[in-house]
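J.: My structure file run-v1.cif, mmCIF, C-alpha atoms and all ligand atoms, is below:
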```cif
data_run
loop_
_atom_site.group_PDB
_atom_site.id
_atom_site.type_symbol
_atom_site.label_atom_id
_atom_site.label_comp_id
_atom_site.auth_asym_id
_atom_site.auth_seq_id
_atom_site.Cartn_x
_atom_site.Cartn_y
_atom_site.Cartn_z
ATOM 1 C CA MET G 197 -4.003 21.087 21.315
ATOM 2 C CA THR G 198 -4.021 18.607 18.428
ATOM 3 C CA ARG G 199 -6.907 16.326 17.559
ATOM 4 C CA LEU G 200 -4.970 13.385 18.912
ATOM 5 C CA ASP G 201 -4.241 15.087 22.242
ATOM 6 C CA ARG G 202 -7.945 15.841 22.595
ATOM 7 C CA VAL G 203 -8.884 12.232 21.893
ATOM 8 C CA GLU G 204 -6.383 10.938 24.441
ATOM 9 C CA GLN G 205 -8.081 13.034 27.079
ATOM 10 C CA THR G 206 -11.597 11.901 26.236
ATOM 11 C CA THR G 207 -11.224 8.229 25.338
ATOM 12 C CA GLY G 208 -7.914 7.157 26.773
ATOM 13 C CA PHE G 209 -6.878 6.007 23.301
ATOM 14 C CA THR G 210 -3.209 6.725 22.821
ATOM 15 C CA GLY G 211 -2.344 4.341 20.020
ATOM 16 C CA PRO G 212 1.196 3.257 19.312
ATOM 17 C CA PRO G 213 4.177 5.625 19.345
ATOM 18 C CA LEU G 214 3.710 8.091 16.511
ATOM 19 C CA THR G 215 6.086 8.083 13.563
ATOM 20 C CA PRO G 216 6.140 10.159 10.362
ATOM 21 C CA ARG G 217 4.544 7.149 8.638
ATOM 22 C CA THR G 218 1.643 6.843 11.041
ATOM 23 C CA ALA G 219 1.057 10.082 12.968
ATOM 24 C CA VAL G 220 -1.367 11.693 10.546
ATOM 25 C CA ILE G 221 -3.344 8.495 10.040
ATOM 26 C CA TRP G 222 -3.678 7.855 13.782
ATOM 27 C CA SER G 223 -4.812 11.449 14.286
ATOM 28 C CA VAL G 224 -7.628 10.971 11.787
ATOM 29 C CA LEU G 225 -8.579 7.535 13.155
ATOM 30 C CA ALA G 226 -8.491 8.771 16.727
ATOM 31 C CA ALA G 227 -11.032 11.452 15.879
ATOM 32 C CA GLU G 228 -13.354 8.744 14.534
ATOM 33 C CA LEU G 229 -12.822 6.581 17.628
ATOM 34 C CA ASP G 230 -13.636 9.627 19.717
ATOM 35 C CA ARG G 231 -16.992 9.940 17.940
ATOM 36 C CA HIS G 232 -17.779 6.434 19.199
ATOM 37 C CA ALA G 233 -16.180 6.722 22.636
ATOM 38 C CA GLY G 234 -17.305 3.869 24.852
ATOM 39 C CA ASP G 235 -18.439 1.635 21.965
ATOM 40 C CA GLN G 236 -16.680 -1.489 20.832
ATOM 41 C CA LEU G 237 -16.306 -1.031 17.088
ATOM 42 C CA THR G 238 -16.223 -3.732 14.473
ATOM 43 C CA VAL G 239 -13.125 -3.005 12.385
ATOM 44 C CA LEU G 240 -12.070 -4.621 9.118
ATOM 45 C CA ASP G 241 -8.491 -4.170 7.901
ATOM 46 C CA VAL G 242 -8.176 -5.223 4.266
ATOM 47 C CA GLY G 243 -4.579 -6.036 3.406
ATOM 48 C CA GLY G 244 -3.788 -5.386 7.039
ATOM 49 C CA GLY G 245 -0.568 -7.378 6.849
ATOM 50 C CA THR G 246 1.170 -7.986 10.149
ATOM 51 C CA GLY G 247 -1.219 -5.830 12.164
ATOM 52 C CA GLY G 248 0.483 -2.463 12.550
ATOM 53 C CA PHE G 249 -2.948 -0.885 12.825
ATOM 54 C CA ALA G 250 -5.065 -3.894 13.732
ATOM 55 C CA VAL G 251 -3.268 -4.723 16.973
ATOM 56 C CA PRO G 252 -3.359 -1.190 18.469
ATOM 57 C CA LEU G 253 -7.053 -0.959 17.555
ATOM 58 C CA ALA G 254 -7.675 -4.261 19.325
ATOM 59 C CA GLN G 255 -5.683 -2.979 22.305
ATOM 60 C CA ALA G 256 -8.055 -0.010 22.351
ATOM 61 C CA GLY G 257 -10.897 -2.514 22.855
ATOM 62 C CA HIS G 258 -12.201 -2.962 19.315
ATOM 63 C CA GLN G 259 -12.932 -6.188 17.461
ATOM 64 C CA VAL G 260 -10.693 -6.375 14.401
ATOM 65 C CA THR G 261 -10.757 -8.700 11.393
ATOM 66 C CA VAL G 262 -7.734 -8.639 9.105
ATOM 67 C CA VAL G 263 -8.216 -9.968 5.584
ATOM 68 C CA ASP G 264 -4.926 -10.462 3.796
ATOM 69 C CA ALA G 265 -3.703 -12.476 0.849
ATOM 70 C CA SER G 266 -0.468 -13.488 2.574
ATOM 71 C CA PRO G 267 -0.443 -16.434 5.015
ATOM 72 C CA ASP G 268 2.978 -15.327 6.287
ATOM 73 C CA ALA G 269 1.692 -11.850 7.125
ATOM 74 C CA LEU G 270 -1.306 -13.345 8.906
ATOM 75 C CA ALA G 271 0.923 -15.686 10.921
ATOM 76 C CA ALA G 272 2.976 -12.681 12.053
ATOM 77 C CA LEU G 273 -0.247 -10.826 12.871
ATOM 78 C CA THR G 274 -1.483 -13.714 15.011
ATOM 79 C CA ARG G 275 1.812 -13.828 16.937
ATOM 80 C CA ARG G 276 1.781 -10.063 17.420
ATOM 81 C CA ALA G 277 -1.819 -10.097 18.664
ATOM 82 C CA ALA G 278 -1.008 -12.892 21.125
ATOM 83 C CA GLU G 279 2.054 -11.043 22.436
ATOM 84 C CA ALA G 280 -0.077 -7.940 22.916
ATOM 85 C CA GLY G 281 -2.691 -9.954 24.825
ATOM 86 C CA VAL G 282 -5.476 -9.277 22.310
ATOM 87 C CA ALA G 283 -5.660 -12.596 20.429
ATOM 88 C CA ASP G 284 -9.364 -12.813 21.286
ATOM 89 C CA ARG G 285 -10.096 -9.514 19.545
ATOM 90 C CA VAL G 286 -8.133 -10.105 16.332
ATOM 91 C CA ARG G 287 -9.365 -12.467 13.627
ATOM 92 C CA ALA G 288 -7.073 -13.333 10.723
ATOM 93 C CA VAL G 289 -8.719 -14.293 7.447
ATOM 94 C CA GLN G 290 -6.777 -15.265 4.361
ATOM 95 C CA GLY G 291 -8.343 -13.944 1.195
ATOM 96 C CA ASP G 292 -8.497 -11.425 -1.563
ATOM 97 C CA GLY G 293 -9.659 -7.880 -1.113
ATOM 98 C CA ASP G 294 -12.114 -8.019 -3.976
ATOM 99 C CA ALA G 295 -13.677 -11.217 -2.630
ATOM 100 C CA LEU G 296 -14.603 -9.640 0.696
ATOM 101 C CA ALA G 297 -18.277 -10.388 0.193
ATOM 102 C CA GLY G 298 -17.630 -14.088 0.740
ATOM 103 C CA LEU G 299 -15.324 -13.541 3.703
ATOM 104 C CA VAL G 300 -17.001 -11.024 6.000
ATOM 105 C CA GLU G 301 -20.515 -10.063 6.920
ATOM 106 C CA PRO G 302 -21.954 -7.469 4.519
ATOM 107 C CA ALA G 303 -22.589 -4.019 5.993
ATOM 108 C CA GLY G 304 -21.154 -5.223 9.305
ATOM 109 C CA ALA G 305 -18.118 -2.978 9.834
ATOM 110 C CA ASP G 306 -18.057 0.364 11.619
ATOM 111 C CA LEU G 307 -14.595 1.118 10.285
ATOM 112 C CA VAL G 308 -12.734 -0.318 7.310
ATOM 113 C CA LEU G 309 -9.014 0.174 6.757
ATOM 114 C CA CYS G 310 -7.356 -0.379 3.389
ATOM 115 C CA HIS G 311 -3.774 0.841 3.597
ATOM 116 C CA SER G 312 -1.197 0.429 0.828
ATOM 117 C CA VAL G 313 -3.305 -2.088 -1.079
ATOM 118 C CA LEU G 314 -5.132 -0.282 -3.890
ATOM 119 C CA GLU G 315 -1.819 0.368 -5.655
ATOM 120 C CA VAL G 316 -0.943 -3.330 -5.879
ATOM 121 C CA VAL G 317 -4.238 -5.076 -6.717
ATOM 122 C CA ASP G 318 -5.201 -6.004 -10.288
ATOM 123 C CA ASP G 319 -8.091 -3.556 -10.349
ATOM 124 C CA PRO G 320 -8.823 -1.101 -7.512
ATOM 125 C CA ALA G 321 -12.466 -0.460 -8.446
ATOM 126 C CA PRO G 322 -13.894 -3.812 -7.277
ATOM 127 C CA VAL G 323 -11.831 -3.611 -4.084
ATOM 128 C CA ALA G 324 -13.190 -0.123 -3.378
ATOM 129 C CA ALA G 325 -16.709 -1.426 -4.042
ATOM 130 C CA ALA G 326 -16.080 -4.317 -1.662
ATOM 131 C CA LEU G 327 -14.937 -1.908 1.058
ATOM 132 C CA VAL G 328 -18.204 -0.004 0.780
ATOM 133 C CA ALA G 329 -20.275 -3.184 0.842
ATOM 134 C CA ALA G 330 -18.510 -4.293 4.045
ATOM 135 C CA LEU G 331 -19.342 -1.015 5.812
ATOM 136 C CA ARG G 332 -22.560 -0.377 7.654
ATOM 137 C CA PRO G 333 -24.330 2.797 6.481
ATOM 138 C CA GLY G 334 -22.606 5.658 8.285
ATOM 139 C CA GLY G 335 -19.424 3.622 8.724
ATOM 140 C CA ALA G 336 -16.033 5.063 7.854
ATOM 141 C CA ALA G 337 -13.181 4.043 5.566
ATOM 142 C CA SER G 338 -9.493 4.822 6.030
ATOM 143 C CA VAL G 339 -7.699 4.425 2.718
ATOM 144 C CA LEU G 340 -3.991 4.968 2.162
ATOM 145 C CA VAL G 341 -2.539 5.025 -1.355
ATOM 146 C CA ALA G 342 0.811 5.776 -2.945
ATOM 147 C CA GLY G 343 1.212 9.349 -4.171
ATOM 148 C CA ARG G 344 2.262 9.951 -7.714
ATOM 149 C CA ALA G 345 4.021 13.322 -7.532
ATOM 150 C CA ALA G 346 6.402 12.175 -4.780
ATOM 151 C CA ALA G 347 7.434 9.173 -6.849
ATOM 152 C CA VAL G 348 8.237 11.371 -9.849
ATOM 153 C CA LEU G 349 10.271 13.786 -7.717
ATOM 154 C CA GLY G 350 12.004 10.977 -5.832
ATOM 155 C CA ARG G 351 13.135 9.180 -8.988
ATOM 156 C CA ALA G 352 14.348 12.453 -10.517
ATOM 157 C CA MET G 353 16.271 13.456 -7.375
ATOM 158 C CA ASN G 354 18.000 10.065 -7.412
ATOM 159 C CA GLY G 355 19.116 10.703 -10.980
ATOM 160 C CA HIS G 356 16.632 8.356 -12.684
ATOM 161 C CA LEU G 357 15.204 10.922 -15.035
ATOM 162 C CA ASP G 358 13.966 8.296 -17.495
ATOM 163 C CA VAL G 359 11.944 6.563 -14.796
ATOM 164 C CA ALA G 360 10.647 9.920 -13.536
ATOM 165 C CA ALA G 361 9.527 10.792 -17.049
ATOM 166 C CA ALA G 362 7.826 7.411 -17.488
ATOM 167 C CA LEU G 363 6.039 7.778 -14.151
ATOM 168 C CA ALA G 364 4.892 11.287 -14.986
ATOM 169 C CA ALA G 365 3.621 10.292 -18.425
ATOM 170 C CA ALA G 366 1.902 7.002 -17.608
ATOM 171 C CA PRO G 367 -1.830 7.379 -16.885
ATOM 172 C CA THR G 368 -1.463 4.803 -14.099
ATOM 173 C CA GLY G 369 1.514 6.498 -12.445
ATOM 174 C CA SER G 370 3.443 3.234 -12.731
ATOM 175 C CA ALA G 371 6.808 2.993 -14.476
ATOM 176 C CA GLY G 372 5.915 -0.323 -16.086
ATOM 177 C CA PRO G 373 6.288 -4.050 -15.462
ATOM 178 C CA ARG G 374 9.412 -3.683 -13.309
ATOM 179 C CA ASP G 375 7.751 -1.161 -11.026
ATOM 180 C CA THR G 376 6.753 -2.625 -7.663
ATOM 181 C CA LEU G 377 3.444 -0.735 -7.807
ATOM 182 C CA ARG G 378 0.774 -1.067 -10.470
ATOM 183 C CA ARG G 379 -0.440 2.481 -10.013
ATOM 184 C CA ARG G 380 -0.051 5.659 -8.010
ATOM 185 C CA PHE G 381 -2.626 8.313 -7.286
ATOM 186 C CA ASP G 382 -3.152 12.015 -7.091
ATOM 187 C CA ALA G 383 -5.735 13.305 -4.632
ATOM 188 C CA GLU G 384 -8.407 13.843 -7.273
ATOM 189 C CA GLY G 385 -7.989 10.387 -8.784
ATOM 190 C CA ALA G 386 -8.098 8.630 -5.426
ATOM 191 C CA ALA G 387 -11.152 10.620 -4.347
ATOM 192 C CA ALA G 388 -12.870 9.831 -7.648
ATOM 193 C CA LEU G 389 -12.207 6.105 -7.168
ATOM 194 C CA LEU G 390 -13.801 6.117 -3.715
ATOM 195 C CA GLY G 391 -16.614 8.398 -4.835
ATOM 196 C CA ALA G 392 -17.491 6.090 -7.731
ATOM 197 C CA ALA G 393 -17.684 3.207 -5.252
ATOM 198 C CA GLY G 394 -20.244 5.121 -3.195
ATOM 199 C CA LEU G 395 -18.131 6.688 -0.440
ATOM 200 C CA ALA G 396 -18.279 10.345 0.567
ATOM 201 C CA VAL G 397 -14.707 11.545 1.017
ATOM 202 C CA GLU G 398 -14.440 13.754 4.099
ATOM 203 C CA GLU G 399 -10.709 14.407 4.454
ATOM 204 C CA ILE G 400 -7.543 13.941 2.432
ATOM 205 C CA HIS G 401 -4.118 14.223 4.052
ATOM 206 C CA GLY G 402 -0.588 13.816 2.799
ATOM 207 C CA VAL G 403 1.497 11.227 4.667
ATOM 208 C CA ARG G 404 5.298 11.529 4.559
ATOM 209 C CA VAL G 405 5.439 14.951 2.977
ATOM 210 C CA LEU G 406 9.015 15.397 4.172
ATOM 211 C CA ALA G 407 10.118 12.147 5.762
ATOM 212 C CA ASP G 408 11.522 10.554 2.614
ATOM 213 C CA LEU G 409 13.257 13.735 1.472
ATOM 214 C CA LEU G 410 15.320 14.393 4.574
ATOM 215 C CA PRO G 411 18.813 13.100 5.278
ATOM 216 C CA ALA G 412 18.600 10.246 7.787
ATOM 217 C CA ALA G 413 20.577 12.280 10.301
ATOM 218 C CA VAL G 414 17.859 14.925 10.358
ATOM 219 C CA ALA G 415 14.939 12.493 10.412
ATOM 220 C CA ASP G 416 16.523 10.313 13.103
ATOM 221 C CA GLY G 417 17.931 13.228 15.063
ATOM 222 C CA GLN G 418 14.716 15.217 15.434
ATOM 223 C CA PRO G 419 11.896 12.651 15.342
ATOM 224 C CA ALA G 420 9.385 14.609 17.418
ATOM 225 C CA ALA G 421 9.911 17.798 15.410
ATOM 226 C CA LEU G 422 9.481 15.845 12.182
ATOM 227 C CA VAL G 423 6.224 14.269 13.360
ATOM 228 C CA GLU G 424 4.878 17.695 14.317
ATOM 229 C CA LEU G 425 5.887 19.200 10.984
ATOM 230 C CA GLU G 426 4.335 16.310 9.074
ATOM 231 C CA ARG G 427 1.095 16.868 10.967
ATOM 232 C CA ALA G 428 1.208 20.602 10.321
ATOM 233 C CA LEU G 429 1.697 20.176 6.559
ATOM 234 C CA ALA G 430 -0.530 17.152 5.930
ATOM 235 C CA ALA G 431 -3.724 18.973 4.989
ATOM 236 C CA ARG G 432 -2.136 21.981 3.309
ATOM 237 C CA SER G 433 -1.687 22.462 -0.389
ATOM 238 C CA PRO G 434 0.796 22.179 -2.096
ATOM 239 C CA TYR G 435 2.504 20.002 0.549
ATOM 240 C CA ARG G 436 -0.269 17.410 0.600
ATOM 241 C CA GLU G 437 0.067 16.776 -3.130
ATOM 242 C CA LEU G 438 3.798 16.093 -2.751
ATOM 243 C CA ALA G 439 3.453 13.462 -0.041
ATOM 244 C CA ALA G 440 4.663 9.919 -0.564
ATOM 245 C CA GLN G 441 1.198 8.672 0.384
ATOM 246 C CA LEU G 442 -2.308 10.089 0.425
ATOM 247 C CA HIS G 443 -4.709 9.236 3.218
ATOM 248 C CA LEU G 444 -8.414 9.482 2.452
ATOM 249 C CA PHE G 445 -11.025 9.326 5.157
ATOM 250 C CA ALA G 446 -14.440 8.598 3.732
ATOM 251 C CA ARG G 447 -17.875 7.510 4.873
ATOM 252 C CA ARG G 448 -20.625 5.303 3.545
ATOM 253 C CA PRO G 449 -23.680 7.577 3.490
ATOM 254 C CA ALA G 450 -26.136 6.709 6.241
HETATM 255 C C1 LIG G 501 2.317 -2.946 1.718
HETATM 256 S S1 LIG G 501 1.477 -4.115 2.683
HETATM 257 C C2 LIG G 501 0.515 -3.060 3.742
HETATM 258 C C3 LIG G 501 0.178 -3.687 5.034
HETATM 259 C C4 LIG G 501 -0.643 -2.818 5.975
HETATM 260 N N1 LIG G 501 -1.933 -2.453 5.394
HETATM 261 C C5 LIG G 501 0.134 -1.587 6.376
HETATM 262 O O1 LIG G 501 -0.241 -0.488 5.959
HETATM 263 O O2 LIG G 501 1.108 -1.725 7.103
HETATM 264 C C6 LIG G 501 0.248 -4.704 1.564
HETATM 265 C C7 LIG G 501 -0.529 -5.854 2.123
HETATM 266 O O3 LIG G 501 -1.627 -6.120 1.255
HETATM 267 C C8 LIG G 501 -1.726 -7.510 1.056
HETATM 268 N N2 LIG G 501 -2.402 -7.695 -0.219
HETATM 269 C C9 LIG G 501 -1.909 -7.448 -1.455
HETATM 270 N N3 LIG G 501 -2.850 -7.699 -2.388
HETATM 271 C C10 LIG G 501 -3.962 -8.085 -1.714
HETATM 272 C C11 LIG G 501 -5.259 -8.489 -2.109
HETATM 273 N N4 LIG G 501 -5.611 -8.526 -3.410
HETATM 274 N N5 LIG G 501 -6.141 -8.825 -1.166
HETATM 275 C C12 LIG G 501 -5.801 -8.806 0.152
HETATM 276 N N6 LIG G 501 -4.578 -8.448 0.581
HETATM 277 C C13 LIG G 501 -3.672 -8.087 -0.336
HETATM 278 C C14 LIG G 501 -0.301 -8.018 1.136
HETATM 279 O O4 LIG G 501 -0.250 -9.387 1.476
HETATM 280 C C15 LIG G 501 0.284 -7.139 2.226
HETATM 281 O O5 LIG G 501 0.115 -7.696 3.502
#
```
How does the structure come out when it is put into structure tokens?
Ligand SMILES: C[S@@+](CC[C@H](N)C(=O)[O-])C[C@H]1O[C@@H](n2cnc3c(N)ncnc32)[C@H](O)[C@@H]1O

T.:
Amino acid sequence: MTRLDRVEQTTGFTGPPLTPRTAVIWSVLAAELDRHAGDQLTVLDVGGGTGGFAVPLAQAGHQVTVVDASPDALAALTRRAAEAGVADRVRAVQGDGDALAGLVEPAGADLVLCHSVLEVVDDPAPVAAALVAALRPGGAASVLVAGRAAAVLGRAMNGHLDVAAALAAAPTGSAGPRDTLRRRFDAEGAAALLGAAGLAVEEIHGVRVLADLLPAAVADGQPAALVELERALAARSPYRELAAQLHLFARRPA
């Protein structure tokens, strides 16, 4: 029985349909929700976009605030929350991740999400510090960042050896001004960033170890098998290090 199966039996939380992009993350989050079964959690999703995580968490009964820089994303979030019948449990706040202190109550969140944001902000350190400050002592952070090794391999496999070389050589893991991301991470670097901000990293998983490497016919033809394989490989070295994204689950010390 997987962690997620166990959680479904104890809390009734099923979450959205699992995909290779989300299955590992929901498994980790579900285990945290299970720890607090029966409680309504205060959740903060920084850069939560259109609510792919926020809305299912609200559907599970939690109170979710999404802080995002994009008004368009927040408008889509608000529509999605209304359609799901959870508008009263989802608050949309426009703002910058490193200005959280002025936007949300300090030390008020039980769970903070920051997915696919630290690779695009000007400087990830103040955002990481802001995540910690928003968490109550003992609260948990779910952080998803772009993986560096997968980007190098992906560019090389597509024939862009110059870009692969630039990515591999650059300390930031970015190929330069034309790259859509300002930085990419390896597990040690991401853990060090969170550790320096005051979080204790408890788990690191690879997300999309295989999904981006497979021909579409395989990925689309065997979705359940792919999800299971992603879950089986996510915590295991060397697969974790080759994943397109790294998921870190960390806690503010009590
Ligand atoms: C790639 S999307 C990820 C959305 C969502 N977290 C997810 O995983 O599906 C990045 C989001 O971060 C937001 N964003 C980028 N920079 C930000 C910042 N400095 N502060 C707050 N949000 C930011 C963008 O508007 C966008 O909605």

J.: At most 10 Å from (-2.3, 1.5, 1.5), file frame, all atoms listed in the file: which residues, as number ranges by chain?

T.: G: 242-244, 309-316, 338-342, 441-443

J.: Evaluate the PyMOL selection byres (((chain G and resi 301-308) around 10) and not hetatm) against this structure - the residues, as a VMD selection string, please.

T.: chain G and resid 225 228 to 229 232 236 to 242 259 to 262 296 to 300 309 to 311 326 to 339 446 to 448

J.: Might you spell out which residues the PyMOL selection byres (((chain G and resi 251) around 9) and not hetatm) would select in the displayed file, as a PDB file with C-alpha atoms, in the coordinates of the input?

T.:
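For reference, selection-v3.pdb as written:
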```pdb
ATOM      1  CA  THR G 246       1.170  -7.986  10.149  1.00  0.00           C
ATOM      2  CA  GLY G 247      -1.219  -5.830  12.164  1.00  0.00           C
ATOM      3  CA  GLY G 248       0.483  -2.463  12.550  1.00  0.00           C
ATOM      4  CA  PHE G 249      -2.948  -0.885  12.825  1.00  0.00           C
ATOM      5  CA  ALA G 250      -5.065  -3.894  13.732  1.00  0.00           C
ATOM      6  CA  PRO G 252      -3.359  -1.190  18.469  1.00  0.00           C
ATOM      7  CA  LEU G 253      -7.053  -0.959  17.555  1.00  0.00           C
ATOM      8  CA  ALA G 254      -7.675  -4.261  19.325  1.00  0.00           C
ATOM      9  CA  GLN G 255      -5.683  -2.979  22.305  1.00  0.00           C
ATOM     10  CA  ALA G 256      -8.055  -0.010  22.351  1.00  0.00           C
ATOM     11  CA  VAL G 260     -10.693  -6.375  14.401  1.00  0.00           C
ATOM     12  CA  LEU G 273      -0.247 -10.826  12.871  1.00  0.00           C
ATOM     13  CA  ARG G 276       1.781 -10.063  17.420  1.00  0.00           C
ATOM     14  CA  ALA G 277      -1.819 -10.097  18.664  1.00  0.00           C
ATOM     15  CA  ALA G 280      -0.077  -7.940  22.916  1.00  0.00           C
ATOM     16  CA  VAL G 282      -5.476  -9.277  22.310  1.00  0.00           C
ATOM     17  CA  ALA G 283      -5.660 -12.596  20.429  1.00  0.00           C
ATOM     18  CA  ARG G 285     -10.096  -9.514  19.545  1.00  0.00           C
ATOM     19  CA  VAL G 286      -8.133 -10.105  16.332  1.00  0.00           C
TER      20      VAL G 286
END
```

J.: Tell me which protein, DNA and RNA residues are within 7 Å of Arg379 (chain G), counting only C-alpha atoms, leaving out same-chain ones fewer than 2 positions away, and put them as number ranges by chain.

T.: G: 315, 368-370, 377, 381

J.: For a test of reading the model, state the distance in Å between CA of Arg287 (chain G) and CA of Gly245 (chain G), rounded to one decimal.

T.: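 Between CA of Arg287 (chain G) and CA of Gly245 (chain G) the gap is 12.2 Å.
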
J.: Quick one: axis-aligned box around all listed atoms of region 410-427 of chain G, 8 Å on every side, centre and edge lengths in Å to one decimal, written as JSON.

T.:
```
{"center_x": 10.8, "center_y": 14.7, "center_z": 11.0, "size_x": 35.5, "size_y": 25.0, "size_z": 28.8}
```

J.: Which one is closest to ligand LIG 501 (chain G): G:Ile221, G:Ala392, G:Ala227, G:Ala347? Count only C-alpha atoms and all ligand atoms.

T.: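 Closest residue, counting only C-alpha atoms and all ligand atoms: G:Ile221.
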
J.: What does the distance between atom C1 of ligand LIG 501 (chain G) and CA of Ala420 (chain G) come to in Å, to one decimal place?

T.: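 A separation of 24.6 Å between them.
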
J.: Could you tell me how far CA of Val289 (chain G) sits from CA of Leu395 (chain G), in Å to one decimal place?

T.: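 Separating CA of Leu395 (chain G) from CA of Val289 (chain G) is a distance of 24.3 Å.
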
J.: Got a sec: who's within 9 Å of Ala364 (chain G), counting all atoms listed in the file, leaving out chain neighbours fewer than 3 positions off, as a ChimeraX atom specification?

T.: /G:344-345,347-348,359-361,367,369-371

J.: Report as a count of residues only all protein, DNA and RNA residues lying within 7 Å of Ala439 (chain G), evaluated on all atoms listed in the file, omitting residues in the same chain fewer than 6 positions from it.

T.: 6

J.: For a quick check of understanding, using all atoms listed in the file, which of G:Leu410, G:Ala233, G:Val317, G:Ala278 has the smallest distance to His258 (chain G)?

T.: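 When distances to His258 (chain G) are compared using all atoms listed in the file, the smallest one comes from G:Ala233.
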
J.: Looking at G:Glu399, G:Asp319, G:Asp264, G:Asp408, which one is nearest to Ala383 (chain G), with distances taken over all atoms listed in the file?

T.: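 When distances to Ala383 (chain G) are compared using all atoms listed in the file, the smallest one comes from G:Glu399.
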
J.: Kindly indicate which residue among G:Ala450, G:Leu214, G:Ala269, G:Val224 lies nearest to ligand LIG 501 (chain G), using only C-alpha atoms and all ligand atoms for the distances.

T.: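 When distances to ligand LIG 501 (chain G) are compared using only C-alpha atoms and all ligand atoms, the smallest one comes from G:Ala269.
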